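File shown: my_file_36.cif. Contents: mmCIF, C-alpha atoms.
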data_model
loop_
_atom_site.label_atom_id
_atom_site.label_comp_id
_atom_site.auth_asym_id
_atom_site.auth_seq_id
_atom_site.Cartn_x
_atom_site.Cartn_y
_atom_site.Cartn_z
CA MET T 291 -2.83 6.72 0.13
CA VAL T 292 -5.05 5.34 2.89
CA ILE T 293 -4.21 2.11 4.73
CA GLY T 294 -6.24 0.31 7.36
CA ALA T 295 -8.93 -2.22 8.13
CA GLY T 296 -12.32 -1.10 6.83
CA THR T 297 -10.93 1.71 4.68
CA VAL T 298 -12.63 0.34 1.55
CA ASP T 299 -15.89 1.67 3.00
CA LEU T 300 -14.37 5.17 2.83
CA ALA T 301 -13.43 4.88 -0.85
CA GLY T 302 -16.46 6.80 -2.12
CA HIS T 303 -16.02 9.63 0.37
CA LEU T 304 -12.28 9.88 -0.35
CA THR T 305 -12.91 9.91 -4.10
CA ARG T 306 -15.49 12.66 -3.70
CA GLN T 307 -12.99 14.71 -1.73
CA ARG T 308 -10.33 14.28 -4.40
CA TRP T 309 -12.67 14.82 -7.40
CA PRO T 310 -15.53 16.97 -6.05
CA THR T 311 -17.16 17.58 -9.46
CA ALA T 312 -16.91 14.05 -10.87
CA ARG T 313 -20.21 12.45 -11.93
CA ARG T 314 -19.30 8.88 -12.79
CA VAL T 315 -16.92 6.22 -11.62
CA TRP T 316 -16.00 3.29 -13.84
CA ILE T 317 -15.13 0.18 -11.82
CA ALA T 318 -13.08 -2.45 -13.65
CA ALA T 319 -12.71 -5.54 -11.49
CA ASP T 320 -11.06 -8.91 -11.71
CA ALA T 321 -13.79 -11.49 -12.31
CA ASN T 322 -12.64 -13.34 -9.19
CA THR T 323 -13.02 -10.16 -7.14
CA VAL T 324 -16.56 -9.26 -8.18
CA THR T 325 -18.37 -11.88 -6.11
CA PRO T 326 -16.78 -11.12 -2.73
CA HIS T 327 -16.28 -7.36 -3.11
CA GLY T 328 -17.91 -5.89 -6.23
CA GLU T 329 -21.36 -5.08 -4.86
CA ARG T 330 -19.95 -3.62 -1.65
CA VAL T 331 -17.53 -1.34 -3.48
CA ALA T 332 -20.14 -0.17 -6.00
CA ALA T 333 -22.53 0.66 -3.15
CA VAL T 334 -19.84 2.72 -1.41
CA PHE T 335 -19.45 4.91 -4.50
CA ARG T 336 -23.20 5.26 -5.07
CA ALA T 337 -23.58 6.39 -1.48
CA SER T 338 -21.23 9.27 -2.27
CA GLY T 339 -23.39 10.40 -5.18
CA PHE T 340 -21.57 8.79 -8.11
CA THR T 341 -23.19 7.07 -11.05
CA VAL T 342 -21.41 3.72 -11.21
CA GLU T 343 -20.46 1.80 -14.35
CA GLU T 344 -19.02 -1.68 -13.91
CA THR T 345 -17.18 -4.26 -15.96
CA THR T 346 -15.15 -7.38 -15.26
CA VAL T 347 -11.83 -8.58 -16.62
CA ALA T 348 -10.86 -12.24 -16.88
CA PRO T 349 -8.24 -13.11 -14.25
CA GLY T 350 -4.64 -13.75 -15.19
CA GLU T 351 -1.85 -12.32 -17.30
CA GLY T 352 -3.69 -13.32 -20.48
CA SER T 353 -5.94 -10.27 -20.02
CA LYS T 354 -3.00 -7.87 -19.77
CA GLY T 355 -2.35 -7.29 -23.47
CA TYR T 356 -3.50 -5.24 -26.44
CA ALA T 357 -6.86 -7.00 -26.58
CA GLY T 358 -7.57 -6.48 -22.90
CA ALA T 359 -6.65 -2.81 -23.07
CA ALA T 360 -8.73 -2.30 -26.23
CA ALA T 361 -11.77 -3.90 -24.61
CA LEU T 362 -11.56 -1.47 -21.70
CA HIS T 363 -10.99 1.50 -24.00
CA ASP T 364 -14.11 0.45 -25.95
CA TRP T 365 -16.11 0.12 -22.74
CA LEU T 366 -15.13 3.62 -21.63
CA LEU T 367 -15.37 5.43 -24.95
CA ASN T 368 -18.56 3.74 -26.14
CA GLY T 369 -20.08 4.50 -22.75
CA GLY T 370 -19.38 8.22 -23.09
CA VAL T 371 -16.60 8.60 -20.56
CA GLU T 372 -15.57 12.18 -19.84
CA ARG T 373 -12.23 13.53 -18.72
CA GLY T 374 -13.70 14.45 -15.34
CA ASP T 375 -14.72 10.84 -14.63
CA VAL T 376 -12.80 8.45 -12.38
CA VAL T 377 -11.67 4.91 -13.14
CA VAL T 378 -11.40 2.42 -10.27
CA ALA T 379 -9.08 -0.59 -10.48
CA LEU T 380 -10.44 -3.28 -8.15
CA GLY T 381 -8.27 -6.38 -8.01
CA GLY T 382 -4.70 -7.56 -7.95
CA GLY T 383 -1.59 -6.61 -9.85
CA VAL T 384 -2.90 -7.54 -13.29
CA ILE T 385 -5.93 -5.29 -12.86
CA GLY T 386 -3.88 -2.46 -11.41
CA ASP T 387 -1.39 -2.54 -14.28
CA LEU T 388 -4.00 -2.93 -17.03
CA VAL T 389 -6.62 -0.50 -15.72
CA GLY T 390 -3.96 2.02 -14.77
CA PHE T 391 -2.60 1.88 -18.33
CA VAL T 392 -6.09 2.36 -19.78
CA ALA T 393 -6.84 5.27 -17.43
CA ALA T 394 -3.55 6.91 -18.39
CA THR T 395 -4.13 6.61 -22.13
CA CYS T 396 -7.87 7.22 -22.46
CA LEU T 397 -8.63 10.90 -23.19
CA ARG T 398 -4.98 11.53 -22.31
CA GLY T 399 -5.62 10.75 -18.67
CA LEU T 400 -8.59 9.98 -16.43
CA GLY T 401 -8.87 10.04 -12.66
CA LEU T 402 -7.60 6.79 -11.15
CA VAL T 403 -8.29 5.03 -7.87
CA GLN T 404 -6.46 1.83 -7.01
CA ILE T 405 -8.18 -0.58 -4.60
CA PRO T 406 -5.83 -3.57 -4.42
CA THR T 407 -7.31 -6.86 -3.25
CA THR T 408 -4.15 -9.00 -3.17
CA LEU T 409 -1.19 -8.78 -0.83
CA LEU T 410 1.21 -8.34 -3.74
CA ALA T 411 -0.77 -5.43 -5.13
CA MET T 412 -1.08 -3.81 -1.70
CA VAL T 413 2.64 -3.73 -0.99
CA ASP T 414 4.00 -3.36 -4.49
CA SER T 415 2.13 -2.85 -7.75
CA SER T 416 -0.42 -0.30 -6.48
CA VAL T 417 2.42 1.90 -5.21
CA GLY T 418 4.64 3.83 -7.58
CA GLY T 419 2.66 4.57 -10.72
CA LYS T 420 3.93 1.86 -13.05
CA THR T 421 1.22 0.73 -15.47
CA GLY T 422 1.47 -1.48 -18.50
CA ILE T 423 0.57 -4.43 -20.65
CA ASN T 424 2.48 -7.46 -21.88
CA HIS T 425 3.88 -8.16 -25.34
CA ALA T 426 4.92 -11.42 -26.99
CA ALA T 427 8.53 -10.28 -26.47
CA GLY T 428 8.09 -10.06 -22.69
CA LYS T 429 6.21 -8.83 -19.65
CA ASN T 430 5.25 -5.18 -19.06
CA LEU T 431 7.10 -3.93 -22.16
CA ILE T 432 4.37 -1.42 -23.08
CA GLY T 433 3.30 1.09 -20.47
CA VAL T 434 3.52 4.50 -18.85
CA PHE T 435 4.22 6.00 -15.46
CA TYR T 436 0.89 7.27 -14.11
CA GLN T 437 0.55 7.99 -10.41
CA PRO T 438 -2.89 7.21 -8.95
CA PRO T 439 -4.06 10.18 -6.88
CA LEU T 440 -5.82 7.77 -4.51
CA VAL T 441 -4.89 4.27 -3.30
CA VAL T 442 -7.11 2.55 -0.74
CA ILE T 443 -5.46 -0.42 1.00
CA ASP T 444 -7.74 -2.49 3.23
CA PRO T 445 -6.14 -5.65 4.71
CA ASP T 446 -9.62 -7.04 5.41
CA LEU T 447 -10.01 -7.69 1.67
CA LEU T 448 -7.38 -10.41 1.95
CA ALA T 449 -9.81 -12.63 3.86
CA THR T 450 -11.34 -13.86 0.58
CA LEU T 451 -8.05 -14.24 -1.29
CA PRO T 452 -7.22 -17.79 -2.46
CA PRO T 453 -4.27 -19.22 -0.49
CA ARG T 454 -1.93 -19.39 -3.49
CA GLU T 455 -2.56 -15.72 -4.33
CA LEU T 456 -1.87 -14.71 -0.73
CA THR T 457 1.34 -16.72 -0.69
CA SER T 458 2.50 -15.09 -3.92
CA GLY T 459 2.46 -11.68 -2.24
CA TRP T 460 5.09 -12.59 0.33
CA ALA T 461 7.79 -12.55 -2.37
CA GLU T 462 7.69 -8.76 -2.82
CA ILE T 463 7.76 -8.32 0.96
CA ILE T 464 10.83 -10.56 1.24
CA LYS T 465 12.38 -8.54 -1.60
CA HIS T 466 11.87 -5.37 0.41
CA GLY T 467 13.56 -7.06 3.36
CA VAL T 468 16.65 -7.73 1.27
CA ILE T 469 16.91 -4.28 -0.33
CA GLN T 470 15.91 -2.26 2.76
CA GLN T 471 19.39 -1.01 3.66
CA SER T 472 19.74 0.51 0.18
CA THR T 473 16.51 2.49 0.51
CA PRO T 474 16.04 6.02 1.93
CA GLY T 475 15.67 5.72 5.69
CA GLY T 476 16.21 1.96 5.63
CA GLU T 477 19.59 1.89 7.32
CA ARG T 478 18.40 -0.22 10.29
CA GLY T 479 17.87 -3.21 8.04
CA ASP T 480 15.43 -4.85 10.45
CA LEU T 481 12.75 -6.01 8.01
CA PHE T 482 14.35 -9.27 6.87
CA SER T 483 14.99 -10.47 10.43
CA SER T 484 11.46 -9.40 11.42
CA LEU T 485 10.07 -11.59 8.67
CA GLU T 486 12.14 -14.52 9.91
CA ARG T 487 10.70 -14.07 13.42
CA MET T 488 7.09 -13.41 12.38
CA VAL T 489 6.56 -15.83 9.53
CA ASP T 490 4.20 -18.16 11.44
CA VAL T 491 1.94 -15.26 12.48
CA LEU T 492 2.01 -13.59 9.09
CA VAL T 493 1.02 -16.63 7.03
CA GLU T 494 -2.14 -16.79 9.14
CA ARG T 495 -2.79 -13.06 8.51
CA GLY T 496 -2.32 -12.38 12.19
CA GLU T 497 -3.01 -8.85 13.43
CA PRO T 498 -1.69 -6.34 14.21
CA GLY T 499 1.38 -7.84 12.56
CA LEU T 500 -0.03 -7.94 9.03
CA SER T 501 -1.24 -4.32 9.00
CA TRP T 502 2.08 -3.20 10.48
CA LEU T 503 3.95 -5.08 7.78
CA ILE T 504 1.85 -3.63 4.96
CA ARG T 505 2.48 -0.11 6.24
CA ARG T 506 6.22 -0.76 6.51
CA ASN T 507 6.42 -2.11 2.98
CA VAL T 508 4.31 0.63 1.44
CA GLY T 509 6.45 3.20 3.20
CA LEU T 510 9.65 1.59 1.97
CA LYS T 511 8.54 1.49 -1.65
CA ALA T 512 7.04 4.98 -1.52
CA ALA T 513 10.36 6.37 -0.26
CA VAL T 514 12.21 4.82 -3.19
CA VAL T 515 9.64 6.09 -5.69
CA ALA T 516 9.73 9.60 -4.20
CA ALA T 517 13.50 9.66 -4.68
CA ASP T 518 13.39 8.30 -8.25
CA GLU T 519 9.91 8.20 -9.78
CA ARG T 520 10.93 7.19 -13.31
CA GLU T 521 13.65 4.68 -12.52
CA ALA T 522 16.59 6.81 -13.56
CA GLY T 523 18.72 5.39 -10.76
CA LEU T 524 17.72 4.29 -7.26
CA ARG T 525 14.34 2.81 -8.22
CA ALA T 526 16.16 0.07 -10.14
CA ILE T 527 16.81 -1.69 -6.81
CA LEU T 528 13.11 -2.58 -6.70
CA ASN T 529 13.88 -4.96 -9.57
CA PHE T 530 15.74 -7.36 -7.27
CA GLY T 531 14.63 -10.82 -8.36
CA HIS T 532 12.81 -9.50 -11.42
CA THR T 533 15.39 -10.06 -14.15
CA PHE T 534 15.18 -13.82 -13.73
CA GLY T 535 11.65 -13.52 -12.34
CA HIS T 536 9.94 -11.79 -15.25
CA ALA T 537 11.54 -14.19 -17.73
CA ILE T 538 10.56 -17.22 -15.66
CA GLU T 539 7.01 -15.96 -15.36
CA ALA T 540 6.67 -15.10 -19.07
CA SER T 541 8.16 -18.40 -20.23
CA ASP T 542 4.79 -20.12 -19.86
CA TYR T 543 2.78 -18.14 -17.24
CA ARG T 544 2.32 -21.21 -15.09
CA LEU T 545 3.78 -19.41 -12.10
CA LEU T 546 2.24 -16.38 -10.44
CA HIS T 547 4.28 -13.19 -10.40
CA GLY T 548 5.35 -13.53 -6.78
CA GLU T 549 6.27 -17.18 -7.24
CA ALA T 550 8.53 -16.29 -10.18
CA VAL T 551 10.08 -13.33 -8.33
CA GLY T 552 10.88 -15.55 -5.34
CA ILE T 553 12.79 -17.91 -7.61
CA GLY T 554 14.38 -14.91 -9.32
CA MET T 555 15.69 -13.68 -5.97
CA ILE T 556 17.29 -17.07 -5.38
CA GLY T 557 18.93 -16.86 -8.80
CA ALA T 558 20.24 -13.38 -8.01
CA ALA T 559 21.57 -14.62 -4.67
CA HIS T 560 23.49 -17.39 -6.44
CA LEU T 561 24.97 -14.75 -8.73
CA GLY T 562 25.91 -12.59 -5.76
CA ARG T 563 27.65 -15.51 -4.11
CA GLU T 564 29.56 -16.40 -7.28
CA LEU T 565 30.74 -12.80 -7.68
CA GLY T 566 31.88 -12.70 -4.06
CA LEU T 567 29.27 -10.17 -2.96
CA ILE T 568 27.69 -12.44 -0.34
CA GLY T 569 28.53 -15.66 1.45
CA GLU T 570 26.69 -18.96 1.53
CA GLU T 571 24.93 -18.09 4.80
CA LEU T 572 22.83 -15.33 3.24
CA VAL T 573 21.88 -17.57 0.32
CA VAL T 574 20.71 -20.24 2.75
CA ARG T 575 18.73 -17.71 4.83
CA LEU T 576 17.01 -16.29 1.75
CA VAL T 577 16.10 -19.68 0.31
CA GLY T 578 14.88 -20.79 3.73
CA LEU T 579 12.67 -17.73 4.23
CA ILE T 580 11.16 -18.03 0.76
CA ALA T 581 10.37 -21.69 1.44
CA ARG T 582 8.90 -20.97 4.89
CA PHE T 583 6.41 -18.57 3.32
CA GLY T 584 5.28 -21.40 1.05
CA LEU T 585 6.82 -20.11 -2.17
CA PRO T 586 8.54 -22.40 -4.68
CA VAL T 587 12.33 -22.43 -4.82
CA HIS T 588 12.72 -24.04 -8.26
CA ALA T 589 11.22 -23.08 -11.62
CA PRO T 590 9.54 -25.76 -13.75
CA ALA T 591 10.59 -23.86 -16.87
CA ASP T 592 12.81 -24.19 -19.93
CA PRO T 593 16.17 -22.47 -19.35
CA GLU T 594 16.48 -21.62 -23.06
CA ALA T 595 13.10 -19.86 -23.05
CA ILE T 596 14.09 -17.93 -19.93
CA TRP T 597 17.42 -16.91 -21.48
CA ARG T 598 15.68 -15.73 -24.65
CA LEU T 599 13.16 -13.62 -22.73
CA MET T 600 15.90 -12.00 -20.65
CA GLY T 601 17.31 -10.73 -23.93
CA SER T 602 14.32 -8.40 -24.32
CA ASP T 603 14.27 -7.30 -20.67
CA LYS T 604 13.37 -3.61 -20.45
CA LYS T 605 16.02 -3.08 -17.76
CA ARG T 606 18.86 -3.56 -20.27
CA THR T 607 21.02 -0.48 -20.84
CA ALA T 608 23.39 0.00 -23.80
CA GLY T 609 22.87 -3.64 -24.68
CA ARG T 610 23.99 -4.86 -21.23
CA GLN T 611 21.82 -6.68 -18.75
CA ARG T 612 21.49 -4.94 -15.41
CA TRP T 613 21.38 -7.14 -12.31
CA VAL T 614 20.32 -6.18 -8.82
CA LEU T 615 22.43 -8.32 -6.50
CA PRO T 616 22.56 -8.65 -2.69
CA VAL T 617 25.68 -7.55 -0.80
CA GLU T 618 27.05 -8.91 2.46
CA LYS T 619 26.79 -5.65 4.42
CA GLY T 620 23.05 -5.48 3.66
CA GLY T 621 21.07 -4.07 0.77
CA VAL T 622 21.84 -4.51 -2.91
CA GLU T 623 23.86 -3.04 -5.75
CA VAL T 624 23.21 -2.78 -9.49
CA ARG T 625 25.75 -4.48 -11.76
CA ASP T 626 26.08 -4.75 -15.52
CA ASP T 627 29.29 -6.79 -15.59
CA VAL T 628 27.94 -10.23 -14.70
CA PRO T 629 29.53 -12.92 -16.90
CA ALA T 630 27.11 -14.88 -19.07
CA ALA T 631 28.57 -18.13 -17.78
CA ALA T 632 27.67 -17.16 -14.21
CA VAL T 633 24.10 -16.40 -15.30
CA GLU T 634 23.88 -19.79 -16.99
CA ARG T 635 25.04 -21.55 -13.83
CA ALA T 636 22.54 -19.66 -11.65
CA LEU T 637 19.78 -20.44 -14.12
CA ALA T 638 20.69 -24.12 -14.00
CA LEU T 639 20.47 -24.06 -10.20
CA VAL T 640 16.97 -22.53 -10.10
CA THR T 641 15.56 -24.67 -12.91
CA GLY T 642 17.23 -27.88 -11.80
CA ARG T 643 18.64 -28.46 -15.33
#
Reformat the file's structure so that it appears as structure tokens.
Amino acid sequence: MVIGAGTVDLAGHLTRQRWPTARRVWIAADANTVTPHGERVAAVFRASGFTVEETTVAPGEGSKGYAGAAALHDWLLNGGVERGDVVVALGGGVIGDLVGFVAATCLRGLGLVQIPTTLLAMVDSSVGGKTGINHAAGKNLIGVFYQPPLVVIDPDLLATLPPRELTSGWAEIIKHGVIQQSTPGGERGDLFSSLERMVDVLVERGEPGLSWLIRRNVGLKAAVVAADEREAGLRAILNFGHTFGHAIEASDYRLLHGEAVGIGMIGAAHLGRELGLIGEELVVRLVGLIARFGLPVHAPADPEAIWRLMGSDKKRTAGRQRWVLPVEKGGVEVRDDVPAAAVERALALVTGR
């Protein structure tokens, strides 16, 4: 994993180092990413001696399904892809999940390079090897763990990101601030308070603060993944905000992933308060920080649809929903004994119904 301003221009060289005999790279890019970055990235790979094949994927979660995966499989297989070739995912979280899934399943595994172009993808979805597509029953229900041998994170790519997409990424960073004290090496628990102090600089992409923050967040997630790659235990804490969040997002896909996760964290905080795990002060601080980063704090969604989608959540174990809830001392804990009535009350608070 390489992080730093201008590192995208090293992507071809780094790929050549990792796959010295590869002949072709296959760049699959979000259609919104092609105009600002596509030609530059393709040129970087050509300069390192690769033959470059390119395709675009329509933006949004609608592309992350069977049809989207099949279209990319057809593109690769009809184009004569070989096992020694390398697939490049250029875009945000949707592209990373979809293209990663296709790379993992085509010819039983192709080389994979992740070049995230959104803040959310840089600090979260490009790190950890989760790939997947959506199903009518819920989000990310079909997928595999497939670690990309190379991830290139260049904060300069955020300069062309639409404001709403940039804002969406702050949710996963706030999530890391809450869970930090439960992560390996995260005992200091300084990330949440740092975000509270730096919010005005960060929303303007101020440097060196932004690059520092990306490195901190990548390091935090990487430490969790290294300790529990396949989510057998510790990695579950990364789902803070995602039980409500995934269901809110999948209820109509009007909200971006980070927007839904932000609201999901608020729902989880309400649950934590009701169960006596945290006091009102932490709830207020969390809601306030989420709002200061420009994220929504209420979900314009149908509570019944959200409840139904939570029933097919992939984090359920032995028929019981698992919740990642904040605790007063810092960090989070995983619970499967949350009363349904408490969930209903939290859901009512975040949907306003």
### Query
Out of T:Ile553, T:Leu485, T:Leu565, T:Ala537, which residue has the shortest atom-to-atom distance to Pro629 of chain T when counting only C-alpha atoms?
T:Leu565
### Message
Please report the interatomic distance between atom CA of Ala348 of chain T and atom CA of Val384 of chain T in Å with one decimal.
### Response
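If I compute the distance from atom CA of Ala348 of chain T to atom CA of Val384 of chain T, I get 9.9 Å.
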### Task
Using all atoms listed in the file, find all polymer residues with an atom at most 7 Å away from the point (22.8, -0.3, -6.1); report them as a list in words.
Leu524, Ile527, Val614, Val622, Glu623 and Val624 of chain T
### Message
Could you check the closest approach to Ile443 of chain T for each of T:Leu599, T:Ile504, T:Ile423, T:Val334 and tell me which residue wins, using only C-alpha atoms?
### Response
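Of all the options, T:Ile504 lies closest to Ile443 of chain T.
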### Query
Which is closer to Ala312 of chain T than all the others in T:Leu400, T:Val298, T:Ile464, T:Leu388, using all atoms listed in the file?
T:Leu400
### Message
Given the PyMOL selection byres ((chain T and resi 427) around 7) and the file above, list the residues it selects as a PyMOL selection string.
### Response
chain T and resi 425-426+428+599+602
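Proximity ranking of T:Pro593, T:Gly374, T:Pro474, T:Gly523 relative to Leu510 of chain T places T:Pro474 first, based on all atoms listed in the file.
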### Message
Expand the PyMOL selection byres ((chain T and resi 626) around 6) into the explicit residue set it covers here, and present it as a count of residues only.
### Response
5
### Message
Taking the file as I've supplied it (selection: the PyMOL selection byres ((chain T and resi 447-460) around 8)), which residues are included? Please answer as a ChimeraX atom specification.
### Response
/T:326-327,407-411,444-446,461-464,493,546-549,583-585
